[in-house]
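Text of run.pdb (PDB, C-alpha atoms) as supplied:
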```pdb
ATOM      1  CA  MET A 266      62.795  49.879 -16.795
ATOM      2  CA  ARG A 267      62.609  50.716 -20.509
ATOM      3  CA  ALA A 268      63.288  54.339 -21.461
ATOM      4  CA  ALA A 269      60.348  56.244 -22.916
ATOM      5  CA  SER A 270      60.618  57.661 -26.403
ATOM      6  CA  ILE A 271      60.638  61.430 -26.393
ATOM      7  CA  GLU A 272      57.908  61.401 -29.060
ATOM      8  CA  MET A 273      55.619  59.561 -26.640
ATOM      9  CA  VAL A 274      56.470  61.885 -23.744
ATOM     10  CA  LEU A 275      55.764  65.036 -25.785
ATOM     11  CA  ARG A 276      52.635  63.597 -27.387
ATOM     12  CA  GLY A 277      51.451  62.543 -23.936
ATOM     13  CA  LEU A 278      51.910  66.096 -22.672
ATOM     14  CA  GLN A 279      50.060  67.442 -25.705
ATOM     15  CA  ALA A 280      47.153  65.002 -25.196
ATOM     16  CA  LEU A 281      46.986  65.942 -21.511
ATOM     17  CA  LEU A 282      46.746  69.631 -22.406
ATOM     18  CA  GLY A 283      44.095  68.944 -25.049
ATOM     19  CA  ARG A 284      41.947  67.233 -22.425
ATOM     20  CA  LEU A 285      42.618  69.977 -19.886
ATOM     21  CA  TYR A 286      41.757  72.784 -22.340
ATOM     22  CA  ASP A 287      38.934  70.696 -23.885
ATOM     23  CA  VAL A 288      40.246  71.311 -27.409
ATOM     24  CA  GLU A 289      41.114  69.153 -30.365
ATOM     25  CA  ILE A 290      44.726  69.737 -31.334
ATOM     26  CA  GLU A 291      45.424  69.400 -35.050
ATOM     27  CA  TYR A 292      49.201  69.561 -35.033
ATOM     28  CA  ASP A 293      51.749  67.190 -33.548
ATOM     29  CA  VAL A 294      54.239  69.053 -31.371
ATOM     30  CA  TYR A 295      56.949  66.588 -32.352
ATOM     31  CA  ASP A 296      56.723  67.787 -35.975
ATOM     32  CA  PHE A 297      57.701  71.293 -34.812
ATOM     33  CA  LEU A 298      60.432  70.275 -32.363
ATOM     34  CA  VAL A 299      63.919  71.735 -32.786
ATOM     35  CA  THR A 300      66.779  70.493 -30.615
ATOM     36  CA  ASP A 301      69.759  72.141 -32.278
ATOM     37  CA  ARG A 302      70.390  75.533 -30.675
ATOM     38  CA  ARG A 303      72.329  76.605 -33.805
ATOM     39  CA  ALA A 304      69.147  76.207 -35.871
ATOM     40  CA  VAL A 305      67.433  78.865 -33.765
ATOM     41  CA  ALA A 306      70.404  81.185 -33.294
ATOM     42  CA  GLY A 307      69.362  84.743 -33.952
ATOM     43  CA  CYS A 308      65.667  83.970 -33.413
ATOM     44  CA  GLY A 309      65.683  84.683 -29.711
ATOM     45  CA  HIS A 310      66.620  87.578 -27.518
ATOM     46  CA  ALA A 311      70.265  88.511 -28.089
ATOM     47  CA  ALA A 312      70.497  90.185 -24.686
ATOM     48  CA  GLU A 313      69.246  87.116 -22.820
ATOM     49  CA  PRO A 314      71.893  86.273 -20.203
ATOM     50  CA  ARG A 315      71.395  82.483 -20.252
ATOM     51  CA  ALA A 316      70.395  79.866 -22.742
ATOM     52  CA  SER A 317      66.894  78.588 -22.083
ATOM     53  CA  GLU A 318      66.038  74.889 -22.070
ATOM     54  CA  GLU A 319      62.673  75.736 -23.666
ATOM     55  CA  GLU A 320      61.687  78.391 -26.141
ATOM     56  CA  LEU A 321      58.755  78.824 -28.485
ATOM     57  CA  LEU A 322      59.764  80.601 -31.670
ATOM     58  CA  LEU A 323      57.197  82.449 -33.769
ATOM     59  CA  ALA A 324      57.652  84.391 -36.978
ATOM     60  CA  GLU A 325      55.315  86.009 -39.425
ATOM     61  CA  THR A 326      55.349  84.258 -42.798
ATOM     62  CA  LEU A 327      53.731  84.555 -46.189
ATOM     63  CA  ASP A 328      52.384  81.559 -48.055
ATOM     64  CA  PRO A 329      53.020  81.187 -51.824
ATOM     65  CA  ASN A 330      49.867  83.255 -52.488
ATOM     66  CA  GLY A 331      51.108  86.088 -50.274
ATOM     67  CA  SER A 332      48.659  85.385 -47.444
ATOM     68  CA  PRO A 333      50.008  85.947 -43.929
ATOM     69  CA  GLY A 334      50.717  83.040 -41.645
ATOM     70  CA  ALA A 335      52.982  82.053 -38.811
ATOM     71  CA  GLY A 336      56.128  79.995 -38.518
ATOM     72  CA  VAL A 337      56.258  77.987 -35.311
ATOM     73  CA  ALA A 338      59.034  75.954 -33.722
ATOM     74  CA  LEU A 339      59.498  74.623 -30.214
ATOM     75  CA  TYR A 340      63.085  74.444 -29.019
ATOM     76  CA  LEU A 341      63.744  71.957 -26.222
ATOM     77  CA  ASP A 342      67.264  71.339 -25.003
ATOM     78  CA  PRO A 343      68.515  67.864 -25.993
ATOM     79  CA  GLU A 344      69.779  67.176 -22.455
ATOM     80  CA  LEU A 345      66.338  67.951 -21.048
ATOM     81  CA  LEU A 346      64.816  65.490 -23.526
ATOM     82  CA  ARG A 347      67.420  62.840 -22.674
ATOM     83  CA  ARG A 348      66.597  63.168 -18.989
ATOM     84  CA  LEU A 349      62.864  62.856 -19.703
ATOM     85  CA  GLU A 350      63.476  59.726 -21.765
ATOM     86  CA  GLN A 351      65.356  58.189 -18.842
ATOM     87  CA  ALA A 352      62.783  59.205 -16.200
ATOM     88  CA  ASP A 353      59.408  59.192 -17.976
ATOM     89  CA  PRO A 354      57.096  61.529 -16.028
ATOM     90  CA  HIS A 355      54.045  59.558 -17.203
ATOM     91  CA  ARG A 356      55.284  56.526 -15.271
ATOM     92  CA  ALA A 357      56.311  58.403 -12.138
ATOM     93  CA  LEU A 358      56.622  62.081 -11.356
ATOM     94  CA  THR A 359      59.302  62.592  -8.711
ATOM     95  CA  GLU A 360      61.683  65.244  -7.461
ATOM     96  CA  ALA A 361      64.210  63.883  -9.960
ATOM     97  CA  ASN A 362      62.105  64.710 -13.050
ATOM     98  CA  LEU A 363      59.643  67.376 -11.877
ATOM     99  CA  ALA A 364      61.615  70.381 -13.146
ATOM    100  CA  ASP A 365      62.185  68.781 -16.561
ATOM    101  CA  TYR A 366      58.501  67.800 -16.746
ATOM    102  CA  CYS A 367      57.402  71.366 -15.964
ATOM    103  CA  THR A 368      59.805  72.825 -18.530
ATOM    104  CA  ALA A 369      58.598  70.475 -21.278
ATOM    105  CA  LEU A 370      54.961  71.000 -20.266
ATOM    106  CA  GLU A 371      55.433  74.764 -20.465
ATOM    107  CA  GLY A 372      56.888  74.493 -23.962
ATOM    108  CA  VAL A 373      54.175  72.141 -25.212
ATOM    109  CA  SER A 374      51.528  74.390 -23.646
ATOM    110  CA  HIS A 375      52.958  77.414 -25.465
ATOM    111  CA  PHE A 376      52.954  75.411 -28.710
ATOM    112  CA  VAL A 377      49.328  74.305 -28.252
ATOM    113  CA  TYR A 378      48.155  77.804 -27.432
ATOM    114  CA  SER A 379      50.019  79.361 -30.349
ATOM    115  CA  THR A 380      48.612  76.877 -32.871
ATOM    116  CA  LEU A 381      45.094  77.481 -31.555
ATOM    117  CA  ALA A 382      45.637  81.245 -31.769
ATOM    118  CA  VAL A 383      47.063  81.068 -35.306
ATOM    119  CA  GLY A 384      43.991  79.229 -36.499
ATOM    120  CA  SER A 385      45.543  78.064 -39.766
ATOM    121  CA  ARG A 386      48.379  75.714 -40.621
ATOM    122  CA  PRO A 387      51.539  76.913 -38.925
ATOM    123  CA  ALA A 388      54.719  76.552 -40.910
ATOM    124  CA  GLY A 389      57.676  74.955 -39.148
ATOM    125  CA  PHE A 390      60.967  76.811 -39.084
ATOM    126  CA  ALA A 391      62.964  73.717 -39.883
ATOM    127  CA  ALA A 392      62.197  70.157 -40.781
ATOM    128  CA  GLY A 393      63.237  67.653 -38.156
ATOM    129  CA  THR A 394      65.523  68.146 -35.217
TER     130      THR A 394
END
```
Please re-express this file's structure in structure tokens.
Amino acid sequence: MRAASIEMVLRGLQALLGRLYDVEIEYDVYDFLVTDRRAVAGCGHAAEPRASEEELLLAETLDPNGSPGAGVALYLDPELLRRLEQADPHRALTEANLADYCTALEGVSHFVYSTLAVGSRPAGFAAGT
């Protein structure tokens, strides 16, 4: 069986949520994906006892005109993404990939909700992964 691309898995989750919420989603979650924990160091909770496999990062920003906005990034652990590529939940959802599916779905859901709540173009924290 061919491994799924992580872009297709995440975009599939985003499309599923769009249908579920009955909303049109303007932004591609993959464009806001961060997989390097060092890139988000200091953005999370310093007192958190364990590293999370999923975390939505939000920050207030100002555009070049000084108007307020929001910076958005979705951190997903690279090992979680590797496992989802190997066991695509859109082909078969099993005990082996259920936890990873739920973690990714939670992150994508947080991303979708935050971009709907922001209402204007969110700015990514970092380009690429």
Residue with smallest distance to A:Leu370 - pool A:Leu321, A:Leu275, A:Ala338, A:Ala382, counting all atoms listed in the file: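 Ranked by minimum distance to A:Leu370, first place goes to A:Leu275.
Evaluated against the shown file, the PyMOL selection byres ((chain A and resi 292) around 10) gives A:Gln279, A:Glu289, A:Ile290, A:Glu291, A:Asp293, A:Val294, A:Tyr295, A:Asp296, A:Phe297, A:Phe376, A:Val377, A:Thr380, A:Leu381, A:Arg386, A:Pro387.
Near A:Leu281, within a cut-off of 12 Å and counting only C-alpha atoms, sit the residues Met273, Val274, Leu275, Arg276, Gly277, Leu278, Arg284, Leu285, Tyr286, Asp287, Val288, Glu289, Ile290, His355, Leu370, Val373, Ser374 and Val377 of chain A, with same-chain residues fewer than 3 positions away left out.
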Nearest to A:Pro343 by atom-to-atom distance, counting all atoms listed in the file, from A:Ala304, A:Val299, A:Ala364, A:Leu327: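 Between A:Ala304, A:Val299, A:Ala364, A:Leu327, the residue approaching A:Pro343 most closely is A:Val299.
The nearest approach to A:Arg348 among the residues A:Leu322, A:Ile271, A:Gly331, A:Tyr378, with all atoms listed in the file taken into account, belongs to A:Ile271.
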Which residue of A:Leu323, A:Ala316, A:Val337, A:Cys367 approaches A:Leu298 most closely, using only C-alpha atoms: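 Of the candidates, the smallest distance to A:Leu298 is held by A:Val337.
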Atom pair atom CA of A:Tyr366 / atom CA of A:Ala324: separation (Å):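 Separating atom CA of A:Tyr366 from atom CA of A:Ala324 is a distance of 26.2 Å.
Residues selected in this file by the PyMOL selection byres ((chain A and resi 326) around 8) comprise A:Ala324, A:Glu325, A:Leu327, A:Asp328, A:Pro333, A:Gly334, A:Ala335, A:Gly336, A:Ala388.
The space between atom CA of A:His375 and atom CA of A:Gly283 spans 12.3 Å.
The gap separating atom CA of A:Glu371 from atom CA of A:Arg356 is 19.0 Å, in Å to one decimal.
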Result set, the PyMOL selection byres ((chain A and resi 318) around 6) on current file, as a ChimeraX atom specification: /A:317,319,341-342
Edge lengths and centre in Å to one decimal, as AutoDock Vina command-line options, of the axis-aligned box that encloses all listed atoms of stretch 295-298 of chain A with 3 Å added on every side?
```
--center_x 58.6 --center_y 68.9 --center_z -34.2 --size_x 9.7 --size_y 10.7 --size_z 9.6
```
Near-A:Leu349 list (10 Å; all atoms listed in the file; drop same-chain fewer than 2 positions) as a VMD selection string: chain A and resid 268 to 271 274 to 275 343 to 347 351 to 355 361 to 363 365 to 366 369
